[in-house]
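Engineer: Input structure: coords29.cif, which contains mmCIF, N, CA and C atoms.
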```cif
data_work
loop_
_atom_site.label_atom_id
_atom_site.label_comp_id
_atom_site.auth_asym_id
_atom_site.auth_seq_id
_atom_site.Cartn_x
_atom_site.Cartn_y
_atom_site.Cartn_z
N MET A 229 -21.05 33.09 -6.27
CA MET A 229 -21.73 32.29 -7.28
C MET A 229 -23.20 32.17 -6.87
N SER A 230 -24.07 32.21 -7.85
CA SER A 230 -25.50 32.13 -7.56
C SER A 230 -25.87 30.74 -7.05
N GLU A 231 -26.99 30.68 -6.35
CA GLU A 231 -27.43 29.39 -5.82
C GLU A 231 -27.72 28.40 -6.94
N GLY A 232 -28.26 28.90 -8.06
CA GLY A 232 -28.54 28.03 -9.20
C GLY A 232 -27.28 27.37 -9.76
N LYS A 233 -26.22 28.16 -9.88
CA LYS A 233 -24.96 27.61 -10.38
C LYS A 233 -24.36 26.63 -9.37
N LEU A 234 -24.49 26.96 -8.11
CA LEU A 234 -23.99 26.06 -7.08
C LEU A 234 -24.74 24.73 -7.09
N MET A 235 -26.04 24.82 -7.28
CA MET A 235 -26.85 23.59 -7.34
C MET A 235 -26.46 22.75 -8.56
N ALA A 236 -26.15 23.42 -9.68
CA ALA A 236 -25.72 22.70 -10.88
C ALA A 236 -24.38 22.01 -10.63
N GLU A 237 -23.47 22.69 -9.95
CA GLU A 237 -22.18 22.09 -9.62
C GLU A 237 -22.36 20.91 -8.67
N GLN A 238 -23.28 21.06 -7.74
CA GLN A 238 -23.57 19.97 -6.80
C GLN A 238 -24.11 18.76 -7.56
N ALA A 239 -25.00 18.99 -8.50
CA ALA A 239 -25.58 17.89 -9.29
C ALA A 239 -24.49 17.22 -10.14
N ARG A 240 -23.61 18.01 -10.74
CA ARG A 240 -22.50 17.44 -11.52
C ARG A 240 -21.63 16.56 -10.62
N GLY A 241 -21.37 17.05 -9.41
CA GLY A 241 -20.55 16.29 -8.47
C GLY A 241 -21.19 14.97 -8.09
N GLU A 242 -22.50 15.00 -7.90
CA GLU A 242 -23.22 13.77 -7.56
C GLU A 242 -23.18 12.77 -8.72
N ARG A 243 -23.30 13.28 -9.96
CA ARG A 243 -23.22 12.39 -11.13
C ARG A 243 -21.82 11.80 -11.26
N ALA A 244 -20.80 12.63 -11.03
CA ALA A 244 -19.43 12.14 -11.11
C ALA A 244 -19.16 11.10 -10.02
N ALA A 245 -19.69 11.34 -8.82
CA ALA A 245 -19.52 10.37 -7.72
C ALA A 245 -20.20 9.05 -8.07
N ALA A 246 -21.37 9.14 -8.69
CA ALA A 246 -22.07 7.91 -9.10
C ALA A 246 -21.24 7.15 -10.13
N LEU A 247 -20.63 7.88 -11.05
CA LEU A 247 -19.77 7.22 -12.05
C LEU A 247 -18.59 6.52 -11.37
N LEU A 248 -17.98 7.20 -10.41
CA LEU A 248 -16.83 6.61 -9.73
C LEU A 248 -17.20 5.41 -8.86
N ARG A 249 -18.48 5.28 -8.52
CA ARG A 249 -18.97 4.11 -7.78
C ARG A 249 -19.47 3.02 -8.72
N GLU A 250 -19.65 3.35 -9.99
CA GLU A 250 -20.17 2.40 -10.96
C GLU A 250 -19.19 1.24 -11.14
N PRO A 251 -19.63 0.01 -10.85
CA PRO A 251 -18.71 -1.13 -10.90
C PRO A 251 -18.01 -1.33 -12.25
N LEU A 252 -18.72 -1.15 -13.33
CA LEU A 252 -18.10 -1.35 -14.64
C LEU A 252 -17.02 -0.30 -14.90
N LEU A 253 -17.26 0.93 -14.49
CA LEU A 253 -16.26 1.97 -14.70
C LEU A 253 -15.05 1.76 -13.79
N THR A 254 -15.29 1.42 -12.52
CA THR A 254 -14.15 1.19 -11.62
C THR A 254 -13.34 -0.02 -12.08
N GLU A 255 -14.03 -1.05 -12.55
CA GLU A 255 -13.34 -2.22 -13.09
C GLU A 255 -12.50 -1.82 -14.30
N SER A 256 -13.06 -1.01 -15.16
CA SER A 256 -12.34 -0.57 -16.35
C SER A 256 -11.10 0.23 -15.98
N PHE A 257 -11.26 1.19 -15.07
CA PHE A 257 -10.10 1.96 -14.63
C PHE A 257 -9.02 1.04 -14.06
N ASP A 258 -9.42 0.13 -13.19
CA ASP A 258 -8.46 -0.77 -12.54
C ASP A 258 -7.77 -1.68 -13.55
N LEU A 259 -8.55 -2.27 -14.46
CA LEU A 259 -7.96 -3.17 -15.45
C LEU A 259 -7.02 -2.44 -16.40
N LEU A 260 -7.44 -1.26 -16.85
CA LEU A 260 -6.57 -0.49 -17.75
C LEU A 260 -5.30 -0.03 -17.04
N GLU A 261 -5.44 0.40 -15.80
CA GLU A 261 -4.25 0.81 -15.05
C GLU A 261 -3.27 -0.35 -14.93
N GLU A 262 -3.78 -1.52 -14.55
CA GLU A 262 -2.92 -2.71 -14.43
C GLU A 262 -2.29 -3.06 -15.77
N LYS A 263 -3.08 -3.01 -16.82
CA LYS A 263 -2.59 -3.33 -18.16
C LYS A 263 -1.48 -2.38 -18.59
N TYR A 264 -1.68 -1.09 -18.39
CA TYR A 264 -0.68 -0.10 -18.81
C TYR A 264 0.59 -0.21 -17.98
N VAL A 265 0.45 -0.36 -16.67
CA VAL A 265 1.63 -0.44 -15.81
C VAL A 265 2.39 -1.74 -16.08
N SER A 266 1.67 -2.84 -16.19
CA SER A 266 2.31 -4.12 -16.48
C SER A 266 3.01 -4.09 -17.84
N GLY A 267 2.31 -3.56 -18.84
CA GLY A 267 2.92 -3.46 -20.17
C GLY A 267 4.13 -2.56 -20.18
N TRP A 268 4.07 -1.49 -19.43
CA TRP A 268 5.19 -0.56 -19.33
C TRP A 268 6.40 -1.25 -18.70
N LYS A 269 6.17 -2.00 -17.62
CA LYS A 269 7.26 -2.72 -16.96
C LYS A 269 7.88 -3.79 -17.84
N ASP A 270 7.03 -4.45 -18.62
CA ASP A 270 7.49 -5.58 -19.44
C ASP A 270 7.99 -5.17 -20.82
N SER A 271 7.80 -3.93 -21.19
CA SER A 271 8.16 -3.49 -22.54
C SER A 271 9.68 -3.38 -22.71
N SER A 272 10.15 -3.86 -23.84
CA SER A 272 11.57 -3.74 -24.15
C SER A 272 11.83 -2.57 -25.09
N SER A 273 10.77 -1.96 -25.56
CA SER A 273 10.86 -0.85 -26.51
C SER A 273 10.67 0.48 -25.80
N THR A 274 11.56 1.40 -26.03
CA THR A 274 11.42 2.73 -25.45
C THR A 274 10.15 3.39 -25.94
N GLU A 275 9.86 3.25 -27.22
CA GLU A 275 8.66 3.84 -27.79
C GLU A 275 7.39 3.21 -27.19
N GLY A 276 7.42 1.90 -27.01
CA GLY A 276 6.29 1.20 -26.40
C GLY A 276 6.06 1.65 -24.97
N ARG A 277 7.16 1.79 -24.20
CA ARG A 277 7.04 2.25 -22.81
C ARG A 277 6.47 3.66 -22.77
N GLU A 278 6.95 4.50 -23.68
CA GLU A 278 6.47 5.88 -23.71
C GLU A 278 4.98 5.94 -24.03
N THR A 279 4.54 5.15 -24.99
CA THR A 279 3.12 5.11 -25.36
C THR A 279 2.27 4.62 -24.19
N LEU A 280 2.70 3.55 -23.54
CA LEU A 280 1.95 3.02 -22.39
C LEU A 280 1.92 4.01 -21.24
N PHE A 281 3.03 4.70 -21.03
CA PHE A 281 3.07 5.71 -19.96
C PHE A 281 2.11 6.85 -20.27
N GLN A 282 2.04 7.27 -21.52
CA GLN A 282 1.11 8.33 -21.91
C GLN A 282 -0.33 7.87 -21.75
N MET A 283 -0.60 6.62 -22.08
CA MET A 283 -1.96 6.09 -21.91
C MET A 283 -2.33 6.04 -20.43
N TYR A 284 -1.38 5.63 -19.60
CA TYR A 284 -1.60 5.60 -18.15
C TYR A 284 -1.88 7.01 -17.64
N GLN A 285 -1.08 7.97 -18.09
CA GLN A 285 -1.28 9.35 -17.65
C GLN A 285 -2.66 9.86 -18.06
N ALA A 286 -3.09 9.55 -19.28
CA ALA A 286 -4.40 9.98 -19.75
C ALA A 286 -5.51 9.37 -18.88
N LEU A 287 -5.35 8.11 -18.53
CA LEU A 287 -6.32 7.45 -17.66
C LEU A 287 -6.39 8.15 -16.30
N MET A 288 -5.23 8.52 -15.76
CA MET A 288 -5.20 9.21 -14.47
C MET A 288 -5.81 10.61 -14.58
N VAL A 289 -5.66 11.26 -15.73
CA VAL A 289 -6.27 12.57 -15.92
C VAL A 289 -7.80 12.44 -15.90
N VAL A 290 -8.33 11.43 -16.56
CA VAL A 290 -9.78 11.22 -16.57
C VAL A 290 -10.28 10.94 -15.16
N ARG A 291 -9.62 10.03 -14.47
CA ARG A 291 -10.03 9.71 -13.10
C ARG A 291 -9.92 10.94 -12.20
N GLY A 292 -8.83 11.68 -12.37
CA GLY A 292 -8.62 12.89 -11.57
C GLY A 292 -9.67 13.95 -11.85
N HIS A 293 -10.07 14.07 -13.10
CA HIS A 293 -11.09 15.06 -13.44
C HIS A 293 -12.42 14.71 -12.76
N LEU A 294 -12.79 13.45 -12.81
CA LEU A 294 -14.02 13.03 -12.15
C LEU A 294 -13.95 13.29 -10.65
N THR A 295 -12.82 13.02 -10.05
CA THR A 295 -12.63 13.27 -8.62
C THR A 295 -12.72 14.77 -8.32
N GLU A 296 -12.16 15.57 -9.19
CA GLU A 296 -12.22 17.03 -9.02
C GLU A 296 -13.66 17.53 -9.12
N VAL A 297 -14.44 16.97 -10.03
CA VAL A 297 -15.85 17.36 -10.16
C VAL A 297 -16.61 16.98 -8.89
N VAL A 298 -16.31 15.82 -8.32
CA VAL A 298 -16.94 15.41 -7.06
C VAL A 298 -16.60 16.41 -5.96
N GLU A 299 -15.33 16.76 -5.85
CA GLU A 299 -14.90 17.69 -4.80
C GLU A 299 -15.53 19.07 -4.98
N THR A 300 -15.60 19.53 -6.22
CA THR A 300 -16.25 20.81 -6.50
C THR A 300 -17.72 20.76 -6.11
N GLY A 301 -18.37 19.65 -6.41
CA GLY A 301 -19.77 19.47 -6.02
C GLY A 301 -19.96 19.49 -4.50
N ASN A 302 -19.02 18.87 -3.80
CA ASN A 302 -19.09 18.87 -2.33
C ASN A 302 -18.92 20.29 -1.78
N LEU A 303 -18.00 21.05 -2.37
CA LEU A 303 -17.81 22.44 -1.93
C LEU A 303 -19.04 23.28 -2.25
N ALA A 304 -19.63 23.04 -3.40
CA ALA A 304 -20.85 23.77 -3.77
C ALA A 304 -21.97 23.47 -2.80
N LYS A 305 -22.07 22.22 -2.40
CA LYS A 305 -23.11 21.83 -1.43
C LYS A 305 -22.90 22.57 -0.10
N LEU A 306 -21.67 22.65 0.34
CA LEU A 306 -21.37 23.39 1.57
C LEU A 306 -21.70 24.87 1.42
N GLU A 307 -21.38 25.44 0.27
CA GLU A 307 -21.65 26.85 0.03
C GLU A 307 -23.15 27.14 0.01
N VAL A 308 -23.93 26.27 -0.62
CA VAL A 308 -25.40 26.43 -0.63
C VAL A 308 -25.92 26.39 0.80
N SER A 309 -25.44 25.45 1.56
CA SER A 309 -25.87 25.33 2.96
C SER A 309 -25.51 26.59 3.74
N PHE A 310 -24.31 27.09 3.53
CA PHE A 310 -23.85 28.29 4.21
C PHE A 310 -24.71 29.49 3.82
N GLN A 311 -24.98 29.63 2.51
CA GLN A 311 -25.79 30.75 2.04
C GLN A 311 -27.21 30.69 2.61
N ARG A 312 -27.77 29.50 2.68
CA ARG A 312 -29.13 29.36 3.21
C ARG A 312 -29.18 29.70 4.70
N LYS A 313 -28.15 29.28 5.43
CA LYS A 313 -28.10 29.60 6.86
C LYS A 313 -27.93 31.10 7.06
N SER A 314 -27.15 31.72 6.21
CA SER A 314 -26.92 33.18 6.31
C SER A 314 -28.21 33.95 6.03
N LYS A 315 -29.02 33.48 5.09
CA LYS A 315 -30.27 34.16 4.75
C LYS A 315 -31.27 34.09 5.90
N ARG A 316 -31.21 33.02 6.69
CA ARG A 316 -32.16 32.83 7.80
C ARG A 316 -31.89 33.78 8.96
N ARG A 317 -30.69 34.28 9.03
CA ARG A 317 -30.31 35.13 10.17
C ARG A 317 -30.87 36.50 10.07
#
```
What do you get writing this file as structure tokens?
Structural biologist:
Amino acid sequence: MSEGKLMAEQARGERAAALLREPLLTESFDLLEEKYVSGWKDSSSTEGRETLFQMYQALMVVRGHLTEVVETGNLAKLEVSFQRKSKRR
């Protein structure tokens, strides 16, 4: 991958990391997770439990995607560093 693309991935990772540190977003994730899990446990309706479980899963997919972008950015940063060190030799 070119250095430009790696730098773009690194920047995306940094933005995703900033989002995951953002207090309002972390609060939202935590509150929604608690709401969905609590509602799922307390639901007497199979349909209601299924809907809450799907909402919980969707929330985890969003959080997981942001985490994946952070990890990809970290790998891109390492690759840029490696490529720069290789060029110096």
Engineer: When the PyMOL selection byres (((chain A and resi 298 and name CA) around 8) and name CA) is applied to the file above, which residues end up in the set, as a PDB file with N, CA and C atoms, keeping the file's coordinate frame?
Structural biologist:
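Output (part_15.pdb):
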```
ATOM      1  N   ARG A 240     -23.610  18.010 -10.740  1.00  0.00           N
ATOM      2  CA  ARG A 240     -22.500  17.440 -11.520  1.00  0.00           C
ATOM      3  C   ARG A 240     -21.630  16.560 -10.620  1.00  0.00           C
ATOM      4  N   GLY A 241     -21.370  17.050  -9.410  1.00  0.00           N
ATOM      5  CA  GLY A 241     -20.550  16.290  -8.470  1.00  0.00           C
ATOM      6  C   GLY A 241     -21.190  14.970  -8.090  1.00  0.00           C
ATOM      7  N   GLU A 242     -22.500  15.000  -7.900  1.00  0.00           N
ATOM      8  CA  GLU A 242     -23.220  13.770  -7.560  1.00  0.00           C
ATOM      9  C   GLU A 242     -23.180  12.770  -8.720  1.00  0.00           C
ATOM     10  N   ALA A 244     -20.800  12.630 -11.030  1.00  0.00           N
ATOM     11  CA  ALA A 244     -19.430  12.140 -11.110  1.00  0.00           C
ATOM     12  C   ALA A 244     -19.160  11.100 -10.020  1.00  0.00           C
ATOM     13  N   ALA A 245     -19.690  11.340  -8.820  1.00  0.00           N
ATOM     14  CA  ALA A 245     -19.520  10.370  -7.720  1.00  0.00           C
ATOM     15  C   ALA A 245     -20.200   9.050  -8.070  1.00  0.00           C
ATOM     16  N   LEU A 294     -12.790  13.450 -12.810  1.00  0.00           N
ATOM     17  CA  LEU A 294     -14.020  13.030 -12.150  1.00  0.00           C
ATOM     18  C   LEU A 294     -13.950  13.290 -10.650  1.00  0.00           C
ATOM     19  N   THR A 295     -12.820  13.020 -10.050  1.00  0.00           N
ATOM     20  CA  THR A 295     -12.630  13.270  -8.620  1.00  0.00           C
ATOM     21  C   THR A 295     -12.720  14.770  -8.320  1.00  0.00           C
ATOM     22  N   GLU A 296     -12.160  15.570  -9.190  1.00  0.00           N
ATOM     23  CA  GLU A 296     -12.220  17.030  -9.020  1.00  0.00           C
ATOM     24  C   GLU A 296     -13.660  17.530  -9.120  1.00  0.00           C
ATOM     25  N   VAL A 297     -14.440  16.970 -10.030  1.00  0.00           N
ATOM     26  CA  VAL A 297     -15.850  17.360 -10.160  1.00  0.00           C
ATOM     27  C   VAL A 297     -16.610  16.980  -8.890  1.00  0.00           C
ATOM     28  N   GLU A 299     -15.330  16.760  -5.850  1.00  0.00           N
ATOM     29  CA  GLU A 299     -14.900  17.690  -4.800  1.00  0.00           C
ATOM     30  C   GLU A 299     -15.530  19.070  -4.980  1.00  0.00           C
ATOM     31  N   THR A 300     -15.600  19.530  -6.220  1.00  0.00           N
ATOM     32  CA  THR A 300     -16.250  20.810  -6.500  1.00  0.00           C
ATOM     33  C   THR A 300     -17.720  20.760  -6.110  1.00  0.00           C
ATOM     34  N   GLY A 301     -18.370  19.650  -6.410  1.00  0.00           N
ATOM     35  CA  GLY A 301     -19.770  19.470  -6.020  1.00  0.00           C
ATOM     36  C   GLY A 301     -19.960  19.490  -4.500  1.00  0.00           C
ATOM     37  N   ASN A 302     -19.020  18.870  -3.800  1.00  0.00           N
ATOM     38  CA  ASN A 302     -19.090  18.870  -2.330  1.00  0.00           C
ATOM     39  C   ASN A 302     -18.920  20.290  -1.780  1.00  0.00           C
TER      40      ASN A 302
END
```
Engineer: Apply the PyMOL selection byres (((chain A and resi 291 and name CA) around 12) and name CA) to the file shown and report the selected residues as a PyMOL selection string.
Structural biologist: chain A and resi 244-245+247-249+253-254+256-258+260-261+284-290+292-298
Engineer: Just to confirm, what's the straight-line distance from CA of Val265 in chain A to CA of Arg243 in chain A in Å (one decimal)?
Structural biologist: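 CA of Arg243 in chain A lies 28.4 Å from CA of Val265 in chain A.
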Engineer: Any chance you could resolve the PyMOL selection byres (((chain A and resi 308-313 and name CA) around 12) and name CA) against this file and give the residues as a list in words?
Structural biologist: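 Matching residues under the PyMOL selection byres (((chain A and resi 308-313 and name CA) around 12) and name CA) are Met229, Ser230, Glu231, Gly232, Lys233, Leu234, Met235, Ala236, Glu237, Gln238, Gly301, Asn302, Leu303, Ala304, Lys305, Leu306, Glu307, Ser314, Lys315, Arg316 and Arg317 of chain A.
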Engineer: For a test of reading the model, state the distance in Å between atom C of Tyr264 in chain A and atom C of Leu280 in chain A, rounded to one decimal.
Structural biologist: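 Atom-to-atom, atom C of Tyr264 in chain A and atom C of Leu280 in chain A are spaced 5.5 Å apart.
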Engineer: One decimal, Å: what's the distance from atom C of Lys263 in chain A over to CA of Glu250 in chain A, could you say?
Structural biologist: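 Taking atom C of Lys263 in chain A and CA of Glu250 in chain A, their separation equals 20.7 Å.
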